>>> print(open('upload21.tsv').read())   # TSV, C-alpha atoms and all ligand atoms
chain	number	residue	atom	x	y	z
A	13	MET	CA	-65.00	-83.25	10.09
A	14	GLY	CA	-67.42	-86.12	9.69
A	15	PHE	CA	-68.40	-86.27	13.37
A	16	SER	CA	-71.98	-86.99	14.20
A	17	ARG	CA	-73.60	-84.58	16.64
A	18	TYR	CA	-74.13	-85.88	20.12
A	19	ASP	CA	-77.01	-85.09	22.37
A	20	PRO	CA	-75.96	-82.63	25.07
A	21	ASP	CA	-78.77	-83.97	27.25
A	22	MET	CA	-76.66	-87.10	27.69
A	23	LEU	CA	-74.68	-86.01	30.70
A	24	HIS	CA	-73.80	-87.75	33.91
A	25	GLU	CA	-74.63	-86.06	37.16
A	26	LEU	CA	-71.22	-85.40	38.69
A	27	SER	CA	-70.89	-88.09	41.26
A	28	GLU	CA	-69.71	-87.55	44.82
A	29	ARG	CA	-66.12	-87.93	43.62
A	30	PRO	CA	-65.99	-87.56	39.84
A	31	ARG	CA	-63.14	-88.95	37.76
A	32	ILE	CA	-61.39	-85.96	36.21
A	33	LEU	CA	-59.12	-86.57	33.24
A	34	LEU	CA	-56.63	-83.69	33.15
A	35	ILE	CA	-54.73	-83.30	29.89
A	36	GLY	CA	-51.54	-81.20	29.87
A	37	ALA	CA	-50.69	-81.51	33.59
A	38	ASP	CA	-47.17	-80.22	32.99
A	39	GLY	CA	-48.28	-76.89	31.50
A	40	GLN	CA	-48.58	-73.79	33.63
A	41	LEU	CA	-52.39	-74.02	33.84
A	42	GLY	CA	-52.43	-77.83	34.04
A	43	TRP	CA	-50.04	-77.71	37.00
A	44	GLU	CA	-52.43	-75.47	38.94
A	45	LEU	CA	-55.50	-77.44	37.86
A	46	ARG	CA	-54.02	-80.65	39.17
A	47	ARG	CA	-53.58	-79.18	42.64
A	48	THR	CA	-56.83	-77.23	42.71
A	49	ALA	CA	-59.07	-80.00	41.38
A	50	SER	CA	-57.88	-82.77	43.65
A	51	PRO	CA	-60.26	-82.00	46.58
A	52	LEU	CA	-63.16	-82.25	44.11
A	53	GLY	CA	-62.47	-85.61	42.52
A	54	ASP	CA	-59.94	-88.21	41.43
A	55	VAL	CA	-57.60	-86.45	39.04
A	56	ILE	CA	-56.02	-88.65	36.40
A	57	ALA	CA	-53.28	-86.50	34.91
A	58	THR	CA	-51.67	-86.88	31.51
A	59	VAL	CA	-48.45	-85.38	30.15
A	60	GLU	CA	-47.16	-85.29	26.61
A	61	ASN	CA	-43.71	-86.72	27.12
A	62	ASP	CA	-42.15	-88.71	29.86
A	63	SER	CA	-41.76	-85.73	32.16
A	64	ARG	CA	-40.28	-87.57	35.11
A	65	ARG	CA	-37.07	-85.66	34.63
A	66	ARG	CA	-39.14	-82.54	35.26
A	67	ASN	CA	-40.72	-84.20	38.31
A	68	VAL	CA	-44.16	-84.32	36.76
A	69	SER	CA	-45.77	-87.73	36.62
A	70	GLY	CA	-48.80	-88.82	34.68
A	71	GLU	CA	-50.17	-91.08	31.97
A	72	LEU	CA	-48.63	-90.35	28.59
A	73	LEU	CA	-50.93	-88.75	26.05
A	74	ASP	CA	-49.80	-86.99	22.90
A	75	LEU	CA	-52.75	-85.07	21.46
A	76	SER	CA	-51.34	-85.38	17.96
A	77	ASP	CA	-51.83	-89.16	18.29
A	78	HIS	CA	-55.54	-89.22	17.70
A	79	GLY	CA	-55.88	-92.96	18.36
A	80	ALA	CA	-54.30	-92.44	21.77
A	81	ILE	CA	-57.02	-89.94	22.69
A	82	ARG	CA	-59.67	-92.61	22.17
A	83	ARG	CA	-57.69	-95.22	24.13
A	84	VAL	CA	-56.97	-92.99	27.13
A	85	VAL	CA	-60.55	-91.73	27.43
A	86	ALA	CA	-61.84	-95.31	27.13
A	87	ASP	CA	-59.43	-96.40	29.86
A	88	VAL	CA	-60.32	-93.63	32.29
A	89	LYS	CA	-64.06	-93.30	31.53
A	90	PRO	CA	-64.04	-89.80	33.00
A	91	HIS	CA	-66.95	-87.72	34.27
A	92	VAL	CA	-65.02	-84.56	33.39
A	93	ILE	CA	-62.21	-83.85	30.92
A	94	LEU	CA	-60.09	-80.75	31.51
A	95	ASN	CA	-58.03	-79.94	28.44
A	96	ALA	CA	-55.18	-77.64	29.44
A	97	ALA	CA	-52.83	-78.87	26.70
A	98	ALA	CA	-52.12	-76.84	23.61
A	99	PHE	CA	-49.40	-75.77	21.21
A	100	THR	CA	-48.95	-72.33	22.78
A	101	ASP	CA	-45.88	-70.80	21.16
A	102	ILE	CA	-47.54	-68.14	19.03
A	103	ASP	CA	-44.57	-67.38	16.78
A	104	GLN	CA	-43.61	-71.03	16.35
A	105	THR	CA	-47.17	-71.79	15.27
A	106	GLU	CA	-46.55	-69.72	12.14
A	107	ARG	CA	-43.72	-72.13	11.23
A	108	GLU	CA	-45.31	-75.37	12.46
A	109	SER	CA	-48.93	-74.84	11.60
A	110	ALA	CA	-49.60	-78.51	10.75
A	111	VAL	CA	-48.53	-79.74	14.20
A	112	ALA	CA	-50.36	-76.87	15.89
A	113	THR	CA	-53.50	-77.64	13.90
A	114	ALA	CA	-53.41	-81.29	14.96
A	115	ILE	CA	-53.13	-80.31	18.64
A	116	ASN	CA	-55.16	-77.10	18.84
A	117	GLY	CA	-57.56	-77.55	15.95
A	118	VAL	CA	-58.36	-81.25	15.57
A	119	ALA	CA	-57.71	-82.88	18.96
A	120	PRO	CA	-60.33	-80.77	20.83
A	121	GLY	CA	-63.05	-82.12	18.52
A	122	LEU	CA	-61.91	-85.68	19.16
A	123	LEU	CA	-61.93	-85.01	22.90
A	124	ALA	CA	-65.45	-83.61	22.60
A	125	ARG	CA	-66.56	-86.72	20.71
A	126	GLU	CA	-65.01	-89.07	23.26
A	127	ALA	CA	-66.41	-86.99	26.15
A	128	SER	CA	-69.88	-87.30	24.65
A	129	ARG	CA	-69.45	-91.06	24.22
A	130	TYR	CA	-68.96	-91.34	27.99
A	131	GLU	CA	-71.48	-88.59	28.82
A	132	ALA	CA	-68.68	-86.53	30.30
A	133	LEU	CA	-68.29	-82.77	30.50
A	134	LEU	CA	-65.42	-81.24	28.49
A	135	VAL	CA	-63.80	-78.06	29.82
A	136	HIS	CA	-61.53	-76.57	27.18
A	137	TYR	CA	-59.42	-73.39	27.25
A	138	SER	CA	-59.06	-70.89	24.45
A	139	THR	CA	-57.58	-67.48	23.86
A	140	ASP	CA	-58.07	-63.80	23.07
A	141	ASN	CA	-56.05	-64.49	19.88
A	142	VAL	CA	-59.26	-65.72	18.22
A	143	PHE	CA	-59.95	-61.97	17.83
A	144	ASP	CA	-57.96	-59.56	15.67
A	145	GLY	CA	-58.04	-56.82	18.34
A	146	GLU	CA	-59.53	-54.16	16.09
A	147	LEU	CA	-62.59	-53.45	18.26
A	148	ASP	CA	-62.39	-50.47	20.60
A	149	ARG	CA	-64.18	-52.20	23.48
A	150	PRO	CA	-63.69	-55.50	25.34
A	151	TYR	CA	-64.66	-58.53	23.25
A	152	ARG	CA	-67.82	-60.41	24.18
A	153	PRO	CA	-68.24	-64.16	23.59
A	154	SER	CA	-70.94	-63.28	21.03
A	155	ASP	CA	-68.54	-61.17	18.91
A	156	SER	CA	-67.49	-62.78	15.63
A	157	PRO	CA	-63.99	-64.22	15.91
A	158	ARG	CA	-61.37	-63.18	13.39
A	159	PRO	CA	-58.04	-64.67	14.42
A	160	ALA	CA	-55.06	-62.39	14.93
A	161	ASN	CA	-52.58	-65.09	13.81
A	162	THR	CA	-52.21	-68.77	12.94
A	163	TYR	CA	-52.25	-69.75	16.63
A	164	GLY	CA	-55.60	-67.97	17.01
A	165	ALA	CA	-56.87	-69.69	13.85
A	166	THR	CA	-55.93	-73.16	15.18
A	167	LYS	CA	-57.52	-72.41	18.56
A	168	LEU	CA	-60.69	-71.20	16.83
A	169	GLN	CA	-60.76	-74.38	14.75
A	170	GLY	CA	-60.61	-76.36	18.03
A	171	GLU	CA	-63.49	-74.36	19.49
A	172	GLU	CA	-65.59	-74.88	16.37
A	173	ALA	CA	-64.89	-78.62	16.37
A	174	ILE	CA	-66.17	-78.83	19.96
A	175	ARG	CA	-69.28	-76.81	19.14
A	176	ALA	CA	-69.91	-78.98	16.06
A	177	ILE	CA	-70.05	-82.11	18.20
A	178	GLY	CA	-72.64	-80.36	20.34
A	179	GLY	CA	-71.87	-82.38	23.47
A	180	PRO	CA	-71.53	-81.12	27.04
A	181	HIS	CA	-68.84	-78.47	27.07
A	182	TYR	CA	-67.58	-75.21	28.48
A	183	ILE	CA	-65.02	-73.30	26.40
A	184	LEU	CA	-63.22	-70.79	28.59
A	185	ARG	CA	-61.31	-68.10	26.72
A	186	THR	CA	-58.63	-66.45	28.78
A	187	SER	CA	-55.62	-64.19	28.14
A	188	TRP	CA	-51.99	-63.47	29.05
A	189	LEU	CA	-51.62	-66.44	31.41
A	190	TYR	CA	-48.78	-66.32	33.90
A	191	GLY	CA	-47.80	-67.73	37.26
A	192	ALA	CA	-44.83	-68.53	39.45
A	193	ARG	CA	-44.01	-71.61	37.37
A	194	GLY	CA	-43.71	-72.36	33.67
A	195	ASN	CA	-42.87	-70.39	30.55
A	196	ASN	CA	-44.53	-67.04	30.79
A	197	PHE	CA	-43.97	-63.30	30.56
A	198	LEU	CA	-43.42	-62.86	34.30
A	199	MET	CA	-40.68	-65.50	34.44
A	200	THR	CA	-39.03	-64.02	31.33
A	201	MET	CA	-38.96	-60.57	32.92
A	202	LEU	CA	-37.42	-61.91	36.14
A	203	ASP	CA	-34.79	-63.89	34.21
A	204	LEU	CA	-33.85	-60.79	32.21
A	205	VAL	CA	-33.47	-58.78	35.41
A	206	ASP	CA	-31.36	-61.54	36.96
A	207	ALA	CA	-29.19	-61.57	33.84
A	208	GLY	CA	-28.79	-57.78	34.08
A	209	ARG	CA	-30.17	-57.29	30.59
A	210	PRO	CA	-32.03	-54.11	29.55
A	211	ILE	CA	-35.68	-54.80	28.76
A	212	SER	CA	-37.89	-53.46	25.96
A	213	VAL	CA	-41.59	-54.23	25.99
A	214	VAL	CA	-44.44	-53.33	23.66
A	215	SER	CA	-46.67	-50.59	24.98
A	216	ASP	CA	-49.43	-50.58	22.35
A	217	GLN	CA	-51.01	-54.02	22.94
A	218	PHE	CA	-53.58	-54.23	25.71
A	219	GLY	CA	-55.03	-57.15	27.63
A	220	ALA	CA	-55.57	-58.60	31.09
A	221	PRO	CA	-52.69	-60.59	32.62
A	222	THR	CA	-54.40	-63.56	34.24
A	223	TRP	CA	-52.96	-65.78	36.97
A	224	THR	CA	-53.15	-69.48	36.14
A	225	ARG	CA	-54.23	-70.22	39.71
A	226	SER	CA	-57.26	-67.91	39.37
A	227	VAL	CA	-58.33	-69.76	36.23
A	228	ALA	CA	-57.83	-73.14	37.91
A	229	ALA	CA	-59.77	-72.05	41.00
A	230	ALA	CA	-62.62	-70.64	38.93
A	231	THR	CA	-62.79	-73.84	36.88
A	232	VAL	CA	-63.09	-75.90	40.04
A	233	GLN	CA	-65.72	-73.47	41.35
A	234	ILE	CA	-67.80	-74.14	38.23
A	235	LEU	CA	-67.47	-77.90	38.72
A	236	ALA	CA	-68.30	-77.68	42.42
A	237	LEU	CA	-71.41	-75.64	41.64
A	238	ALA	CA	-72.37	-78.10	38.93
A	239	ARG	CA	-72.07	-81.04	41.29
A	240	VAL	CA	-74.54	-79.46	43.68
A	241	ALA	CA	-76.86	-77.92	41.09
A	242	GLY	CA	-77.09	-80.99	38.84
A	243	ALA	CA	-76.99	-81.90	35.16
A	244	ALA	CA	-79.96	-79.75	34.10
A	245	TRP	CA	-78.30	-76.65	35.53
A	246	MET	CA	-75.02	-77.49	33.80
A	247	ARG	CA	-76.81	-78.10	30.52
A	248	GLU	CA	-78.46	-74.67	30.55
A	249	ARG	CA	-75.00	-73.15	30.75
A	250	PHE	CA	-73.06	-75.10	28.09
A	251	GLY	CA	-71.17	-72.75	25.80
A	252	THR	CA	-68.30	-70.29	25.42
A	253	TYR	CA	-67.23	-67.83	28.11
A	254	HIS	CA	-64.56	-65.23	28.72
A	255	MET	CA	-62.60	-65.61	31.94
A	256	THR	CA	-59.75	-63.20	32.64
A	257	ALA	CA	-58.48	-61.05	35.48
A	258	GLY	CA	-60.18	-57.69	35.95
A	259	GLY	CA	-58.72	-54.46	34.59
A	260	ARG	CA	-56.48	-53.93	31.58
A	261	CYS	CA	-52.95	-52.84	30.84
A	262	SER	CA	-50.30	-52.88	28.15
A	263	TRP	CA	-47.43	-55.40	28.22
A	264	TYR	CA	-45.22	-52.44	29.16
A	265	GLU	CA	-47.41	-51.59	32.16
A	266	PHE	CA	-47.43	-55.24	33.18
A	267	ALA	CA	-43.63	-55.35	32.98
A	268	ALA	CA	-43.33	-52.14	35.00
A	269	ALA	CA	-45.58	-53.54	37.75
A	270	ILE	CA	-43.45	-56.73	37.87
A	271	LEU	CA	-40.16	-54.88	37.95
A	272	ASP	CA	-41.39	-52.48	40.64
A	273	ARG	CA	-41.73	-55.50	42.90
A	274	TYR	CA	-38.49	-57.29	42.05
A	275	ARG	CA	-35.03	-56.84	43.48
A	276	ASP	CA	-34.48	-53.14	44.15
A	277	GLY	CA	-36.86	-52.03	41.41
A	278	GLU	CA	-34.00	-50.30	39.61
A	279	HIS	CA	-34.01	-51.79	36.17
A	280	GLU	CA	-34.09	-50.27	32.75
A	281	LEU	CA	-37.40	-50.74	30.98
A	282	THR	CA	-38.13	-49.22	27.59
A	283	PRO	CA	-41.50	-49.00	25.83
A	284	GLN	CA	-41.54	-50.18	22.27
A	285	SER	CA	-44.15	-50.12	19.51
A	286	THR	CA	-45.47	-53.33	17.97
A	287	SER	CA	-44.25	-52.21	14.55
A	288	SER	CA	-40.65	-52.08	15.77
A	289	PHE	CA	-40.79	-55.43	17.57
A	290	PRO	CA	-39.52	-58.46	15.62
A	291	ALA	CA	-42.22	-61.17	15.85
A	292	SER	CA	-43.39	-63.64	13.23
A	293	ALA	CA	-47.02	-63.59	14.29
A	294	GLY	CA	-49.45	-60.69	14.60
A	295	ARG	CA	-50.96	-59.97	18.02
A	296	PRO	CA	-54.29	-58.36	18.85
A	297	ALA	CA	-53.79	-54.69	19.86
A	298	ASN	CA	-56.89	-55.06	22.00
A	299	GLY	CA	-57.04	-58.48	23.70
A	300	VAL	CA	-59.36	-57.37	26.48
A	301	LEU	CA	-62.25	-59.79	27.01
A	302	ASP	CA	-65.64	-58.90	28.48
A	303	CYS	CA	-66.33	-61.34	31.33
A	304	THR	CA	-69.95	-60.36	32.05
A	305	ASP	CA	-71.40	-63.67	30.83
A	306	ILE	CA	-69.38	-65.87	33.18
A	307	ARG	CA	-70.36	-63.66	36.12
A	308	ARG	CA	-74.04	-63.98	35.19
A	309	ALA	CA	-73.89	-67.75	34.60
A	310	PHE	CA	-71.62	-68.85	37.46
A	311	GLY	CA	-71.08	-65.81	39.70
A	312	ILE	CA	-67.36	-65.83	38.83
A	313	VAL	CA	-65.36	-62.62	38.97
A	314	LEU	CA	-61.57	-62.93	38.95
A	315	ASP	CA	-59.43	-60.46	40.90
A	316	ASP	CA	-58.04	-57.38	39.24
A	317	TRP	CA	-54.70	-58.21	37.56
A	318	ARG	CA	-52.74	-56.03	40.02
A	319	THR	CA	-54.15	-57.89	43.02
A	320	SER	CA	-53.23	-61.27	41.54
A	321	LEU	CA	-49.78	-60.06	40.54
A	322	GLU	CA	-49.15	-59.04	44.14
A	323	ARG	CA	-50.02	-62.60	45.31
A	324	VAL	CA	-47.79	-64.18	42.65
A	325	MET	CA	-44.90	-61.87	43.45
A	326	GLU	CA	-45.11	-62.82	47.12
A	327	GLU	CA	-44.70	-66.43	46.02
A	328	VAL	CA	-41.90	-65.64	43.58
A	329	LEU	CA	-39.97	-63.55	46.10
A	330	GLU	CA	-40.38	-66.29	48.68
A	331	THR	CA	-38.95	-68.99	46.37
A	332	ARG	CA	-36.31	-66.94	44.58
A	333	GLY	CA	-35.40	-65.32	47.89
A	334	ARG	CA	-34.83	-68.71	49.46
A	335	ALA	CA	-32.76	-69.88	46.52
A	336	ALA	CA	-30.63	-66.76	46.26
A	337	GLY	CA	-30.86	-65.33	49.76
A	338	ALA	CA	-28.03	-67.34	51.29
A	339	ALA	CA	-25.67	-66.00	48.68
A	340	GLY	CA	-26.88	-62.49	49.40
A	341	LEU	CA	-27.85	-62.13	45.78
A	342	MET	CA	-31.19	-60.54	46.24
A	343	ARG	CA	-33.14	-58.15	48.37
A	344	THR	CA	-36.77	-59.04	48.94
A	345	GLY	CA	-38.01	-55.64	50.04
A	346	SER	CA	-41.67	-54.76	50.38
A	347	GLY	CA	-41.51	-52.94	47.09
A	348	THR	CA	-42.38	-49.61	48.67
A	349	GLY	CA	-40.06	-46.97	47.40
A	350	ALA	CA	-38.75	-49.27	44.67
A	351	ARG	CA	-38.79	-47.59	41.29
A	352	VAL	CA	-38.35	-48.90	37.80
A	353	ARG	CA	-36.06	-46.70	35.81
A	354	ARG	CA	-38.00	-45.93	32.64
A	355	ARG	CA	-36.84	-44.47	29.40
A	356	ALA	CA	-39.13	-42.86	26.87
A	357	GLY	CA	-37.19	-43.93	23.78
A	358	ARG	CA	-36.94	-47.18	21.89
A	359	ALA	CA	-34.25	-49.74	22.52
A	360	ARG	CA	-34.36	-51.22	19.04
A	361	GLY	CA	-35.12	-49.57	15.75
B	1	LIG	N1	-50.26	-68.93	27.84
B	1	LIG	C1	-51.15	-67.97	27.61
B	1	LIG	O1	-50.84	-66.78	27.72
B	1	LIG	C2	-52.57	-68.32	27.23
B	1	LIG	C3	-53.46	-67.27	26.99
B	1	LIG	C4	-54.77	-67.58	26.65
B	1	LIG	C5	-55.17	-68.89	26.56
B	1	LIG	N2	-54.29	-69.90	26.78
B	1	LIG	C6	-54.74	-71.27	26.67
B	1	LIG	O2	-54.74	-71.82	27.97
B	1	LIG	C7	-54.42	-73.21	27.90
B	1	LIG	C8	-53.25	-73.51	28.82
B	1	LIG	O3	-52.14	-72.74	28.40
B	1	LIG	P1	-50.74	-72.75	29.20
B	1	LIG	O4	-50.24	-71.37	29.17
B	1	LIG	O5	-50.90	-73.47	30.47
B	1	LIG	O6	-49.85	-73.60	28.20
B	1	LIG	P2	-48.40	-74.23	28.43
B	1	LIG	O7	-47.82	-73.82	29.72
B	1	LIG	O8	-47.64	-74.01	27.17
B	1	LIG	O9	-48.76	-75.78	28.55
B	1	LIG	C9	-49.29	-76.47	27.48
B	1	LIG	C10	-49.14	-77.92	27.78
B	1	LIG	O10	-49.61	-78.64	26.64
B	1	LIG	C11	-48.71	-79.70	26.43
B	1	LIG	N3	-48.71	-80.16	25.06
B	1	LIG	C12	-48.17	-79.55	23.98
B	1	LIG	N4	-48.31	-80.34	22.90
B	1	LIG	C13	-48.97	-81.46	23.33
B	1	LIG	C14	-49.37	-82.65	22.70
B	1	LIG	N5	-49.13	-82.89	21.41
B	1	LIG	N6	-49.99	-83.58	23.45
B	1	LIG	C15	-50.21	-83.40	24.76
B	1	LIG	N7	-49.83	-82.30	25.42
B	1	LIG	C16	-49.21	-81.34	24.70
B	1	LIG	C17	-47.35	-79.17	26.80
B	1	LIG	O11	-46.48	-80.26	27.06
B	1	LIG	P3	-44.90	-80.10	26.82
B	1	LIG	O12	-44.45	-79.05	27.80
B	1	LIG	O13	-44.37	-81.47	27.13
B	1	LIG	O14	-44.76	-79.69	25.40
B	1	LIG	C18	-47.67	-78.37	28.03
B	1	LIG	O15	-47.61	-79.16	29.18
B	1	LIG	C19	-54.17	-73.51	26.44
B	1	LIG	O16	-55.35	-73.99	25.85
B	1	LIG	C20	-53.84	-72.16	25.84
B	1	LIG	O17	-54.18	-72.10	24.47
B	1	LIG	C21	-52.98	-69.64	27.12
>>> encode(input="upload21.tsv", output="structure tokens", more="lines below")
Ligand SMILES: NC(=O)c1ccc[n+]([C@@H]2O[C@H](COP(=O)([O-])OP(=O)(O)OC[C@H]3O[C@@H](n4cnc5c(N)ncnc54)[C@H](OP(=O)(O)O)[C@@H]3O)[C@@H](O)[C@H]2O)c1
Amino acid sequence: MGFSRYDPDMLHELSERPRILLIGADGQLGWELRRTASPLGDVIATVENDSRRRNVSGELLDLSDHGAIRRVVADVKPHVILNAAAFTDIDQTERESAVATAINGVAPGLLAREASRYEALLVHYSTDNVFDGELDRPYRPSDSPRPANTYGATKLQGEEAIRAIGGPHYILRTSWLYGARGNNFLMTMLDLVDAGRPISVVSDQFGAPTWTRSVAAATVQILALARVAGAAWMRERFGTYHMTAGGRCSWYEFAAAILDRYRDGEHELTPQSTSSFPASAGRPANGVLDCTDIRRAFGIVLDDWRTSLERVMEEVLETRGRAAGAAGLMRTGSGTGARVRRRAGRARG
């Protein structure tokens, strides 16, 4: 891409209160990062559009405006850049690959270059979709990527651009992000239940549903450790890591665990095969990532996905219960005894 390589040894010690430039503060991970990182440093948040109508404030930064990246980083002169922004709609990426490439493929390299210019650390997030899912064991960071779809290809391009710059960076690959806010599988399931619609979910793709708050907390844990341990310690650990919840399940099993905990647990849920599901983009059948390296390097082990889901559901039931409770629309039972009605067949051909 014509970038010169930067020297990773050029890295600021993280000061007492580092300046943290957070990109994508309105996304589901960015939202959690903003809250989790604020005790650690001064968080300067950016959003793509004027999101005031969505009650999210921040500097405006559109990652497809490459000049703007340079200007914002020069303005902020950060010690750390957290890039939680991406073009994340996997199916839409097939149709809008040029836009997705600008955001997911090119912008991360520009961020890495600007981070290096200011001797800042770049933390960037990537995905299990950089793998095709053909392996029969969890993927390690050292496994050769082979993207499952165009989204995965653009995310891999972004990773490679960062590595090509060679500056201070951690690339954290995660999977199946969800939380109590934002566009994600959990919220879709709850909306379908609320709408009284029958639900069909693929049962032959496996991964680890990962709570956005766990990823945000682990990111901040890395930065907090780095602040104490110093630049040399950080430098020894630059690279690419896998960071997901523990355990594995299919999307169908994830849906069943959600529905068991919502309303009265009596909702129709049907397993479906990938081949019968209409989607533009391919998905990895095995998106399970091996997280051994991040445990060895930083001592980080995220909770098992079921444990995190329980915490998120408590939050969801609390908020949705408050919103709907007065109208008597919903029962927020403990979940014990609740059962999802399951059918063995397929909803759609
Ligand atoms: N979601 C998952 O299941 C998943 C799984 C593995 C890895 N990841 C990775 O984890 C990271 C966070 O994902 P997420 O789920 O939090 O994503 P998300 O909820 O879709 O949020 C992405 C954010 O990026 C912003 N954005 C999109 N285009 C932009 C642009 N041109 N300039 C600036 N900001 C832009 C979006 O702003 P608008 O809302 O205004 O468009 C949104 O706030 C991403 O790197 C993603 O690839 C996600």
>>> residues_near_ligand(input="upload21.tsv", ligand="ligand LIG 1 (chain B)", cutoff="8 Å", atoms="only C-alpha atoms and all ligand atoms", output="number ranges by chain")
A: 35-43, 58-61, 63, 73-77, 95-101, 111, 114-116, 136-141, 167, 185-190, 194-196, 224
>>> closest_residue(input="upload21.tsv", among="A:Ser226, A:Leu235, A:Ala244, A:Ala293", to="Arg31 in chain A", atoms="only C-alpha atoms")
A:Leu235
>>> atom_distance(input="upload21.tsv", atom1="CA of Tyr182 in chain A", atom2="CA of Lys89 in chain A")
18.7 Å
>>> closest_residue(input="upload21.tsv", among="A:Asp302, A:Glu44, A:Asp206, A:Glu126", to="Met255 in chain A", atoms="all atoms listed in the file")
A:Asp302
>>> atom_distance(input="upload21.tsv", atom1="CA of Met201 in chain A", atom2="CA of Ala165 in chain A")
27.7 Å
>>> atom_distance(input="upload21.tsv", atom1="CA of Gly311 in chain A", atom2="CA of Ser27 in chain A")
22.3 Å
>>> closest_residue(input="upload21.tsv", among="A:Arg247, A:Arg158, A:Arg46, A:Arg193", to="Glu131 in chain A", atoms="all atoms listed in the file")
A:Arg247
>>> closest_residue(input="upload21.tsv", among="A:Cys303, A:Ala132, A:Leu321, A:Val142", to="Leu33 in chain A", atoms="all atoms listed in the file")
A:Ala132
>>> residues_around(input="upload21.tsv", residues="Glu172 in chain A", least_positions_apart="4", cutoff="9 Å", atoms="all atoms listed in the file", output="MDAnalysis selection string")
chainID A and resid 117 121 167:168 176:177
>>> closest_residue(input="upload21.tsv", among="A:Tyr253, A:Trp245, A:Tyr130, A:Phe197", to="Tyr151 in chain A", atoms="all atoms listed in the file")
A:Tyr253
>>> closest_residue(input="upload21.tsv", among="A:Asn298, A:Thr200, A:Gln104, A:Thr166", to="Phe218 in chain A", atoms="all atoms listed in the file")
A:Asn298
>>> residues_near_point(input="upload21.tsv", point="(-44.3, -60.0, 34.6)", cutoff="7 Å", atoms="all atoms listed in the file", output="number ranges by chain")
A: 197-199, 201, 266-267, 270
>>> residues_around(input="upload21.tsv", residues="Ala57 in chain A", least_positions_apart="2", cutoff="6 Å", atoms="only C-alpha atoms", output="PyMOL selection string")
chain A and resi 34+37+55+70
>>> decode(input="upload21.tsv", residues="range 77-91 of chain A", atoms="N, CA and C atoms", output="PDB file, in the first residue's frame")
ATOM      1  N   ASP A  77     -13.329   8.404   4.977  1.00  0.00           N
ATOM      2  CA  ASP A  77     -12.677   9.680   4.647  1.00  0.00           C
ATOM      3  C   ASP A  77     -11.246   9.613   5.201  1.00  0.00           C
ATOM      4  N   HIS A  78     -10.347   9.191   4.350  1.00  0.00           N
ATOM      5  CA  HIS A  78      -9.014   8.870   4.845  1.00  0.00           C
ATOM      6  C   HIS A  78      -8.234  10.095   5.316  1.00  0.00           C
ATOM      7  N   GLY A  79      -8.550  11.254   4.722  1.00  0.00           N
ATOM      8  CA  GLY A  79      -7.924  12.503   5.199  1.00  0.00           C
ATOM      9  C   GLY A  79      -8.371  12.836   6.615  1.00  0.00           C
ATOM     10  N   ALA A  80      -9.634  12.518   6.898  1.00  0.00           N
ATOM     11  CA  ALA A  80     -10.177  12.817   8.235  1.00  0.00           C
ATOM     12  C   ALA A  80      -9.464  11.998   9.306  1.00  0.00           C
ATOM     13  N   ILE A  81      -9.056  10.799   8.962  1.00  0.00           N
ATOM     14  CA  ILE A  81      -8.342   9.958   9.939  1.00  0.00           C
ATOM     15  C   ILE A  81      -7.078  10.685  10.387  1.00  0.00           C
ATOM     16  N   ARG A  82      -6.344  11.206   9.409  1.00  0.00           N
ATOM     17  CA  ARG A  82      -5.086  11.901   9.730  1.00  0.00           C
ATOM     18  C   ARG A  82      -5.357  13.131  10.606  1.00  0.00           C
ATOM     19  N   ARG A  83      -6.407  13.880  10.237  1.00  0.00           N
ATOM     20  CA  ARG A  83      -6.709  15.118  10.972  1.00  0.00           C
ATOM     21  C   ARG A  83      -7.116  14.821  12.411  1.00  0.00           C
ATOM     22  N   VAL A  84      -7.983  13.832  12.597  1.00  0.00           N
ATOM     23  CA  VAL A  84      -8.475  13.546  13.954  1.00  0.00           C
ATOM     24  C   VAL A  84      -7.332  13.031  14.829  1.00  0.00           C
ATOM     25  N   VAL A  85      -6.517  12.140  14.294  1.00  0.00           N
ATOM     26  CA  VAL A  85      -5.413  11.611  15.116  1.00  0.00           C
ATOM     27  C   VAL A  85      -4.434  12.746  15.456  1.00  0.00           C
ATOM     28  N   ALA A  86      -4.194  13.625  14.494  1.00  0.00           N
ATOM     29  CA  ALA A  86      -3.278  14.756  14.758  1.00  0.00           C
ATOM     30  C   ALA A  86      -3.849  15.681  15.831  1.00  0.00           C
ATOM     31  N   ASP A  87      -5.150  15.871  15.791  1.00  0.00           N
ATOM     32  CA  ASP A  87      -5.821  16.711  16.801  1.00  0.00           C
ATOM     33  C   ASP A  87      -5.691  16.139  18.202  1.00  0.00           C
ATOM     34  N   VAL A  88      -5.967  14.832  18.294  1.00  0.00           N
ATOM     35  CA  VAL A  88      -6.065  14.187  19.614  1.00  0.00           C
ATOM     36  C   VAL A  88      -4.687  13.809  20.162  1.00  0.00           C
ATOM     37  N   LYS A  89      -3.761  13.467  19.278  1.00  0.00           N
ATOM     38  CA  LYS A  89      -2.445  12.958  19.694  1.00  0.00           C
ATOM     39  C   LYS A  89      -2.597  11.910  20.796  1.00  0.00           C
ATOM     40  N   PRO A  90      -3.222  10.790  20.435  1.00  0.00           N
ATOM     41  CA  PRO A  90      -3.555   9.789  21.459  1.00  0.00           C
ATOM     42  C   PRO A  90      -2.345   8.970  21.893  1.00  0.00           C
ATOM     43  N   HIS A  91      -2.468   8.362  23.079  1.00  0.00           N
ATOM     44  CA  HIS A  91      -1.503   7.343  23.501  1.00  0.00           C
ATOM     45  C   HIS A  91      -1.985   5.962  23.066  1.00  0.00           C
TER      46      HIS A  91
END
